[in-house]
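Worksheet: one structure, shown below.
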Amino acid sequence: MAGFLQQVIVGLGTGAIYASLALALVLIYRFTGIVNFAQGELAMFSAYIAWQFTAAGVPFWLSLVLALAVSFAGGMLVERVIIRPVEGAPELTVVIVTVGLFIFVNAAAGWIWTFLIKDFPNPFPGGALHVGGLSVAFSTLGVLAVVGVVMGLLYLLFQHTKIGLGMRAVSANPDSARLVGIRVGWTLALGWGLAATVGAVSGVLVAPLLFLEPNMMGGVLIYAFAAATLGGFDSPLGAVVGGLVVGVAETLAGAYVTAIGPDLKVGVPLAIILGVLLLRPQGLFGRAVVERA
Amino acid sequence: MSESTQVSDRTTAREQAPARPAATRWRWAAAAALLAAAVYAPFQLVPFHVFQLTMVLIYAVALLGLNLLVGHAGQISLGHGAFFAVGAYTAAILLDRWDAPYPLTLPAAALVAFVLGLAFGVPAMRLRGLYLALVTLAIAIFLVPLLKRFEEVTGGSMGLSLAKPAPPAWSGLAEDQWLYFLALAVTVAAFLLAASLLRSRVGRALHAVRDDEAAAEVMGVRPAYYKTLAFAWSAMFAGIAGCLYTWVIGFVSPDSFVVNLSITLLAGLVVGGLGSLSGPVLGALFVMFVPSISQDINEAAPGVIFGLLIIAVMYVAPTGLAGLAGRAANSIKKTLRKG
């Protein structure tokens with residue numbers, strides 16, 4: 001039993017990382033109806049920026065803040081320059097553009113920082129907290145705490161500030177929002193900036209666990225997609241719950257189902273995506289889309 | 001779908017209607033000239049260049065299939081490399097375990113890829129195109145560890161080495177030339193199949209679904225049925241291309257079919273031109289030669305070029321190189337007529 005709980009805790013730790021990337025995906029989907037296939041790569045790029053700062057001797061937490069700020073500006077820039085021309089275009093066009101962005105950012109990181117693996121400093125101490133026969137690694141606690149703080153800040157932003165109110169208005173109805181004087185274009189850019197920041201958190205958290213290299217986020221992206229699909233693509237709460245569930249499911253499947261084992265764990269998100277699409281396409285917390293033909 | 005695309009489709013169709021016989025004649029002439037050049041080429045080139053052209057043909061078959069799905073049915077696949085790999089491995093395993101004759105591996109690879117495409121298409125196609133992109137991406141990522149896992153069949157990370165089909169004595173061809181002609185024959189057959197498919201009732205149904213699903217449904221076209229079928233066919237073409245790959249390379253390993261292959265295929269198709277028959281050929285040339293040329297600048301240069309080009313193509317020329325070539329040909333024709 002203790003071993004089982006141990007696995008659940010490990011799963012929650014990885015799940016929190018998936019949740020933060022899934023949250024970035026959901027933010028953009030809520031605002032623009034776009035699924036950003038480049039989200040993982042943007043997060044990877046942010047992790048590289050953080051690494052660059054630490055390599056230059058900046059303390060880790062300051063590097064993190066600087067990287068998040070750069071990511072925010074970068075996300076806004078991406079929206080303004082790359083996404084804006086195709087806003088409202090058919091889904092196929094938008095997806096292909098984000099795939100183009102995916103390839104470009106991936107290669108650009110390889111060009112700037114080479115494809116060699118970089119050692120990313122782990123911000124959390126190495127030991128573990130022992131509670132009643134269970135040991136919880138400090139890094140797991142740290143990840144959960146950071147993701148929790150990010151979620152809390154987002155909640156405050158959306159529910160208790162004027163900017164958040166405007167953002168919610170834009171996601172609910174852009175035309176009406178424009179009529180009441182909200183600058184929709186800038187709000188969308190702000191949404192992309194926020195998403196890039198949240199994604200950057202996942203990139204920086206995952207970099208010490210995996211290795212920092214341009215293809216680092218490829219696998220994580222699939223888990224984040226599974227999390228967003230499970231939670232519902234338009235639900236931030238769903239993204240968080242979905243991320244945690246996917247993380248735990250993946251860890252348990254890897255540990256207990258011998259047919260899956262550690263090397264086939266990446267089949268878990270595929271199974272989750274297919275299962276959710278078959279049984280409850282809108283996800284656990286999503287709203288079913290009713291289309292008027 | 002935006003209304004403007006439909007309107008422009010309709011007007012271009014009307015404009016083209018009277019000019020069709022002449023245009024068709026030109027097109028046949030161009031295709032014949034291309035084929036003649038393709039037959040002549042291997043006798044003039046060094047073996048390595050013949051091999052590169054063979055790879056272009058293989059990519060062209062895969063892109064032809066992807067084009068059916070993306071260009072003609074308007075659905076997105078980010079995992080076509082997986083079906084390519086399925087075809088390659090089906091052929092390789094048949095050759096490795098059962099010493100199957102080469103001609104048998106081709107329909108087998110096509111069939112296996114088709115059935116798999118159907119199986120994954122059914123759940124994904126009931127929903128919006130976006131989810132198909134997700135599912136196919138997940139398949140492409142999952143396939144590599146799966147291939148490594150079933151080591152006793154697939155050879156694991158080491159892969160499988162196979163003999164390439166030997167040229168028959170009567171032909172007097174070298175191995176590279178024989179492989180090239182095998183690939184050429186399959187490519188021509190695949191193009192004829194795709195062309196006739198698109199001209200048939202099925203092709204019209206696919207275009208109807210792509211341009212306006214609701215309207216298509218009103219006309220009695222079942223979108224889910226045709227989308228699933230388009231997915232299965234495009235998987236089949238990818239499987240055929242994979243089988244050719246096994247013949248030509250004589251070696252398969254999981255690391256040849258990483259997710260980048262799928263993304264590169266989509267990139268090549270977009271740059272080559274969605275929804276046209278010449279798009280896959282141009283895209284295949286692109287997929288083959290841009291990386292090998294730009295690799296000298298930097299390891300990452302092909303990716304940077306691909307990424308920027310895809311975005312640029314979607315902004316300024318959604319029909320890709322094929323569309324640009326078509327537009328250029330039209331304006332030349334116009335100026336000739338005026339002059």
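Each chain of the structure tokens is named A, B, ... in the order shown, its residues numbered from 1; ligands are numbered from 1 in display order.
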
Rows by chain and residue number, chain A within 7 Å of chain B, shortest pair, only C-alpha atoms, as CSV:
```
residue,atom,partner,partner_atom,distance
A:Pro90,CA,B:Met1,CA,5.4
A:Leu92,CA,B:Ile76,CA,6.8
A:Thr93,CA,B:Met314,CA,6.6
A:Val97,CA,B:Ile311,CA,5.2
A:Gly100,CA,B:Gly307,CA,4.3
A:Leu101,CA,B:Gly307,CA,5.9
A:Ile103,CA,B:Gly307,CA,4.9
A:Phe104,CA,B:Gly307,CA,4.2
A:Ala107,CA,B:Ala300,CA,4.9
A:Ala108,CA,B:Val304,CA,6.2
A:Gly110,CA,B:Ala300,CA,5.7
A:Trp111,CA,B:Ala300,CA,5.2
A:Ile222,CA,B:Ala138,CA,6.2
A:Asp263,CA,B:Pro145,CA,6.3
A:Leu264,CA,B:Pro145,CA,6.0
A:Val266,CA,B:Phe142,CA,5.9
A:Gly267,CA,B:Phe142,CA,5.6
A:Leu270,CA,B:Ala138,CA,5.4
A:Ile273,CA,B:Val135,CA,6.9
A:Leu274,CA,B:Pro123,CA,6.9
A:Leu277,CA,B:Pro123,CA,6.9
A:Leu278,CA,B:Pro123,CA,6.0
A:Ala293,CA,B:Ala214,CA,5.8
```

Residues near B:Ala166, cut-off 10 Å, only C-alpha atoms, skip fewer than 3 positions along chain, as a JSON list (two decimals) with N, CA and C atoms, in the first residue's frame:
```
[["chain", "number", "residue", "atom", "x", "y", "z"],
["B", 163, "ALA", "N", 17.84, -8.13, -47.74],
["B", 163, "ALA", "CA", 18.41, -8.04, -49.08],
["B", 163, "ALA", "C", 17.51, -7.17, -49.94],
["B", 169, "ALA", "N", 18.30, -10.67, -64.72],
["B", 169, "ALA", "CA", 19.40, -10.63, -65.68],
["B", 169, "ALA", "C", 18.97, -10.01, -67.02],
["B", 173, "LEU", "N", 20.12, -4.04, -65.95],
["B", 173, "LEU", "CA", 20.21, -2.81, -65.15],
["B", 173, "LEU", "C", 21.09, -3.05, -63.92],
["B", 174, "ALA", "N", 21.67, -1.96, -63.45],
["B", 174, "ALA", "CA", 22.37, -2.03, -62.17],
["B", 174, "ALA", "C", 21.33, -2.02, -61.06],
["B", 175, "GLU", "N", 21.77, -2.35, -59.83],
["B", 175, "GLU", "CA", 20.80, -2.45, -58.73],
["B", 175, "GLU", "C", 20.06, -1.14, -58.49],
["B", 176, "ASP", "N", 20.83, -0.03, -58.47],
["B", 176, "ASP", "CA", 20.18, 1.25, -58.17],
["B", 176, "ASP", "C", 19.16, 1.61, -59.25],
["B", 178, "TRP", "N", 17.48, -0.54, -61.17],
["B", 178, "TRP", "CA", 16.33, -1.43, -61.02],
["B", 178, "TRP", "C", 15.41, -0.95, -59.91],
["B", 179, "LEU", "N", 15.99, -0.60, -58.77],
["B", 179, "LEU", "CA", 15.18, -0.10, -57.65],
["B", 179, "LEU", "C", 14.44, 1.17, -58.06],
["B", 247, "TRP", "N", 12.37, -1.83, -49.58],
["B", 247, "TRP", "CA", 13.03, -2.41, -50.75],
["B", 247, "TRP", "C", 14.32, -1.67, -51.07]]
```

Requested in this report: Check stretch 75-196 of chain A with DSSP on the backbone and list each residue it calls helix (DSSP H, G or I), as a ChimeraX atom specification.
Outcome: /A:75-86,91-113,138-160,162-172,174-179,184-196

Can you spit out the residues from that selection as a PDB file, in the first residue's frame, using C-alpha atoms?
```pdb
ATOM      1  CA  GLY A  75       4.277  34.994 -26.495  1.00  0.00           C
ATOM      2  CA  MET A  76       2.750  38.394 -27.245  1.00  0.00           C
ATOM      3  CA  LEU A  77       5.144  38.838 -30.123  1.00  0.00           C
ATOM      4  CA  VAL A  78       4.212  35.442 -31.573  1.00  0.00           C
ATOM      5  CA  GLU A  79       0.536  36.359 -31.439  1.00  0.00           C
ATOM      6  CA  ARG A  80       1.083  39.756 -33.019  1.00  0.00           C
ATOM      7  CA  VAL A  81       3.405  38.623 -35.791  1.00  0.00           C
ATOM      8  CA  ILE A  82       2.582  35.020 -36.612  1.00  0.00           C
ATOM      9  CA  ILE A  83      -0.915  34.188 -35.432  1.00  0.00           C
ATOM     10  CA  ARG A  84      -2.708  37.443 -36.103  1.00  0.00           C
ATOM     11  CA  PRO A  85      -2.693  37.135 -39.916  1.00  0.00           C
ATOM     12  CA  VAL A  86      -4.464  33.775 -39.726  1.00  0.00           C
ATOM     13  CA  GLU A  91      -8.735  25.383 -38.632  1.00  0.00           C
ATOM     14  CA  LEU A  92      -6.487  23.570 -41.096  1.00  0.00           C
ATOM     15  CA  THR A  93      -4.594  26.775 -41.874  1.00  0.00           C
ATOM     16  CA  VAL A  94      -4.125  27.678 -38.221  1.00  0.00           C
ATOM     17  CA  VAL A  95      -2.945  24.211 -37.225  1.00  0.00           C
ATOM     18  CA  ILE A  96      -0.447  24.149 -40.082  1.00  0.00           C
ATOM     19  CA  VAL A  97       0.879  27.560 -39.053  1.00  0.00           C
ATOM     20  CA  THR A  98       1.398  26.389 -35.466  1.00  0.00           C
ATOM     21  CA  VAL A  99       3.112  23.264 -36.794  1.00  0.00           C
ATOM     22  CA  GLY A 100       5.370  25.548 -38.818  1.00  0.00           C
ATOM     23  CA  LEU A 101       6.089  27.473 -35.646  1.00  0.00           C
ATOM     24  CA  PHE A 102       6.831  24.154 -33.915  1.00  0.00           C
ATOM     25  CA  ILE A 103       9.442  23.208 -36.520  1.00  0.00           C
ATOM     26  CA  PHE A 104      10.926  26.690 -36.566  1.00  0.00           C
ATOM     27  CA  VAL A 105      11.292  27.109 -32.799  1.00  0.00           C
ATOM     28  CA  ASN A 106      12.691  23.599 -32.433  1.00  0.00           C
ATOM     29  CA  ALA A 107      15.299  24.188 -35.101  1.00  0.00           C
ATOM     30  CA  ALA A 108      16.073  27.699 -33.892  1.00  0.00           C
ATOM     31  CA  ALA A 109      16.868  26.347 -30.427  1.00  0.00           C
ATOM     32  CA  GLY A 110      19.115  23.742 -32.028  1.00  0.00           C
ATOM     33  CA  TRP A 111      20.825  26.444 -34.058  1.00  0.00           C
ATOM     34  CA  ILE A 112      21.432  28.741 -31.098  1.00  0.00           C
ATOM     35  CA  TRP A 113      22.238  26.188 -28.388  1.00  0.00           C
ATOM     36  CA  PHE A 138      11.577  17.828  -2.129  1.00  0.00           C
ATOM     37  CA  SER A 139      11.655  18.290  -5.871  1.00  0.00           C
ATOM     38  CA  THR A 140       8.140  16.805  -6.127  1.00  0.00           C
ATOM     39  CA  LEU A 141       6.924  19.121  -3.383  1.00  0.00           C
ATOM     40  CA  GLY A 142       8.645  22.038  -5.083  1.00  0.00           C
ATOM     41  CA  VAL A 143       7.041  21.301  -8.438  1.00  0.00           C
ATOM     42  CA  LEU A 144       3.614  20.993  -6.845  1.00  0.00           C
ATOM     43  CA  ALA A 145       4.138  24.239  -4.934  1.00  0.00           C
ATOM     44  CA  VAL A 146       5.293  26.202  -7.984  1.00  0.00           C
ATOM     45  CA  VAL A 147       2.420  24.932 -10.143  1.00  0.00           C
ATOM     46  CA  GLY A 148      -0.005  25.636  -7.307  1.00  0.00           C
ATOM     47  CA  VAL A 149       1.244  29.223  -6.987  1.00  0.00           C
ATOM     48  CA  VAL A 150       0.922  29.761 -10.739  1.00  0.00           C
ATOM     49  CA  MET A 151      -2.653  28.466 -10.708  1.00  0.00           C
ATOM     50  CA  GLY A 152      -3.500  30.677  -7.751  1.00  0.00           C
ATOM     51  CA  LEU A 153      -2.083  33.763  -9.461  1.00  0.00           C
ATOM     52  CA  LEU A 154      -3.990  32.980 -12.645  1.00  0.00           C
ATOM     53  CA  TYR A 155      -7.189  32.547 -10.667  1.00  0.00           C
ATOM     54  CA  LEU A 156      -6.664  35.924  -8.972  1.00  0.00           C
ATOM     55  CA  LEU A 157      -5.870  37.529 -12.309  1.00  0.00           C
ATOM     56  CA  PHE A 158      -8.985  36.201 -14.022  1.00  0.00           C
ATOM     57  CA  GLN A 159     -11.468  36.592 -11.210  1.00  0.00           C
ATOM     58  CA  HIS A 160     -10.329  39.690  -9.359  1.00  0.00           C
ATOM     59  CA  LYS A 162     -10.023  44.342 -14.500  1.00  0.00           C
ATOM     60  CA  ILE A 163      -7.635  42.845 -17.035  1.00  0.00           C
ATOM     61  CA  GLY A 164      -8.937  39.382 -16.164  1.00  0.00           C
ATOM     62  CA  LEU A 165     -12.504  40.544 -16.538  1.00  0.00           C
ATOM     63  CA  GLY A 166     -11.655  41.909 -19.981  1.00  0.00           C
ATOM     64  CA  MET A 167      -9.987  38.654 -20.910  1.00  0.00           C
ATOM     65  CA  ARG A 168     -13.000  36.666 -19.855  1.00  0.00           C
ATOM     66  CA  ALA A 169     -15.214  39.002 -21.854  1.00  0.00           C
ATOM     67  CA  VAL A 170     -13.089  38.499 -24.962  1.00  0.00           C
ATOM     68  CA  SER A 171     -13.165  34.739 -24.626  1.00  0.00           C
ATOM     69  CA  ALA A 172     -16.929  34.757 -24.118  1.00  0.00           C
ATOM     70  CA  PRO A 174     -15.163  39.103 -28.835  1.00  0.00           C
ATOM     71  CA  ASP A 175     -17.678  41.261 -30.718  1.00  0.00           C
ATOM     72  CA  SER A 176     -19.551  42.405 -27.635  1.00  0.00           C
ATOM     73  CA  ALA A 177     -16.269  42.919 -25.805  1.00  0.00           C
ATOM     74  CA  ARG A 178     -15.098  45.223 -28.589  1.00  0.00           C
ATOM     75  CA  LEU A 179     -18.361  47.149 -28.376  1.00  0.00           C
ATOM     76  CA  VAL A 184      -9.645  42.698 -28.294  1.00  0.00           C
ATOM     77  CA  GLY A 185      -6.426  42.457 -30.295  1.00  0.00           C
ATOM     78  CA  TRP A 186      -4.255  43.380 -27.340  1.00  0.00           C
ATOM     79  CA  THR A 187      -6.214  41.125 -25.033  1.00  0.00           C
ATOM     80  CA  LEU A 188      -5.573  38.185 -27.338  1.00  0.00           C
ATOM     81  CA  ALA A 189      -1.888  39.045 -27.376  1.00  0.00           C
ATOM     82  CA  LEU A 190      -2.001  39.194 -23.597  1.00  0.00           C
ATOM     83  CA  GLY A 191      -3.584  35.738 -23.557  1.00  0.00           C
ATOM     84  CA  TRP A 192      -0.760  34.357 -25.674  1.00  0.00           C
ATOM     85  CA  GLY A 193       1.780  36.038 -23.454  1.00  0.00           C
ATOM     86  CA  LEU A 194       0.199  34.500 -20.362  1.00  0.00           C
ATOM     87  CA  ALA A 195       0.052  31.086 -21.992  1.00  0.00           C
ATOM     88  CA  ALA A 196       3.711  31.322 -22.961  1.00  0.00           C
TER      89      ALA A 196
END
```

Query raised in the report: Any idea what's packed within 9 Å of A:Ile272, counting only C-alpha atoms, ignoring anything in its chain fewer than 6 positions away? Could you give it as JSON, numbers by chain?
Result: {"A": [226, 227, 229, 230, 246]}

Report task. Would you mind listing what lies within 10 Å of stretch 33-42 of chain B as a list of chain:residue names, with only C-alpha atoms counted and same-chain residues fewer than 4 positions away left out? Result -> B:Arg27, B:Trp28, B:Ala29, B:Val46, B:Pro47, B:His49, B:Val50, B:Phe51, B:Leu53, B:Thr54, B:Leu173, B:Ala174, B:Asp176, B:Gln177, B:Trp178, B:Tyr180, B:Phe181, B:Leu184, B:Val188

Report task. Give the answer as one residue: which of B:Leu182, B:Ala205, B:Ala62, B:Leu274 has the shortest atom-to-atom distance to B:Gly87, using only C-alpha atoms? Result ->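 Comparing B:Leu182, B:Ala205, B:Ala62, B:Leu274 against B:Gly87, the winner is B:Ala62.
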
Requested in this report: Enumerate, as a list in words, the complete set of residues in stretch 43-263 of chain A that a backbone-based DSSP assignment places in strand (DSSP E).
Outcome: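 Matching residues for strand (DSSP E) in stretch 43-263 of chain A are Ala128, Leu129, His130, Val131, Leu134, Ser135, Val136 and Ala137 of chain A.
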
For the selection you just gave me, I'd like the residues written to a file as a short mmCIF file (atom, residue, chain, number, x, y, z; two decimals), in the first residue's frame, keeping C-alpha atoms.
```
data_model
loop_
_atom_site.label_atom_id
_atom_site.label_comp_id
_atom_site.auth_asym_id
_atom_site.auth_seq_id
_atom_site.Cartn_x
_atom_site.Cartn_y
_atom_site.Cartn_z
CA ALA A 128 12.99 13.87 0.72
CA LEU A 129 10.36 14.49 3.33
CA HIS A 130 9.47 11.37 5.33
CA VAL A 131 5.90 11.16 6.54
CA LEU A 134 6.19 7.59 2.74
CA SER A 135 8.96 9.69 1.32
CA VAL A 136 8.10 12.70 -0.75
CA ALA A 137 11.03 14.13 -2.66
#
```

Query raised in the report: Using only C-alpha atoms, which residues sit within 7 Å of stretch 56-69 of chain A once same-chain residues fewer than 5 positions away are excluded, as number ranges by chain?
Result: A: 46, 49-50, 123, 197, 200

Query raised in the report: Can you list, as a ChimeraX atom specification, every protein, DNA or RNA residue that comes within 10 Å of A:Gly33 when you count only C-alpha atoms, leaving out same-chain residues fewer than 4 positions away?
Result: /A:26-29,87-88,91,94,171,233-234

Requested in this report: Would you mind telling me which residue in A:Asn122, A:Ser235, A:Thr114, A:Thr161 lies nearest to A:Ala207 when using only C-alpha atoms?
Outcome: A:Asn122

Query - Surrounding residues of A:Gly242 excluding itself and chain neighbours under 2 positions, 9 Å, only C-alpha atoms, as a list in words - result: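 Contacts, in chain order: Gly15, Tyr18, Ala19, Ala22, Ala224, Ala226, Ala227, Ala228, Thr229, Leu230, Gly231, Gly232, Leu237, Gly238, Ala239, Val240, Leu244, Val245, Val246, Gly247 and Leu284 of chain A.
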
Query raised in the report: In terms of the shortest atom-to-atom distance over only C-alpha atoms, which of A:Gly74, A:Pro121, A:Gly127, A:Pro269 is closest to A:Phe45?
Result: A:Gly74

Requested in this report: May I ask for the distance between atom CA of A:Tyr256 and atom CA of B:Val258, given in Å to one decimal place?
Outcome: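 Going from atom CA of A:Tyr256 over to atom CA of B:Val258, I get 27.2 Å.
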
Report summary line: re atom CA of A:Glu41 and atom CA of A:Lys118: distance 16.0 Å

Requested in this report: For atom CA of B:Ala119 and atom CA of B:Ala82, quote the distance in Å rounded to one decimal.
Outcome: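 Result for atom CA of B:Ala119 versus atom CA of B:Ala82: 13.8 Å, one decimal.
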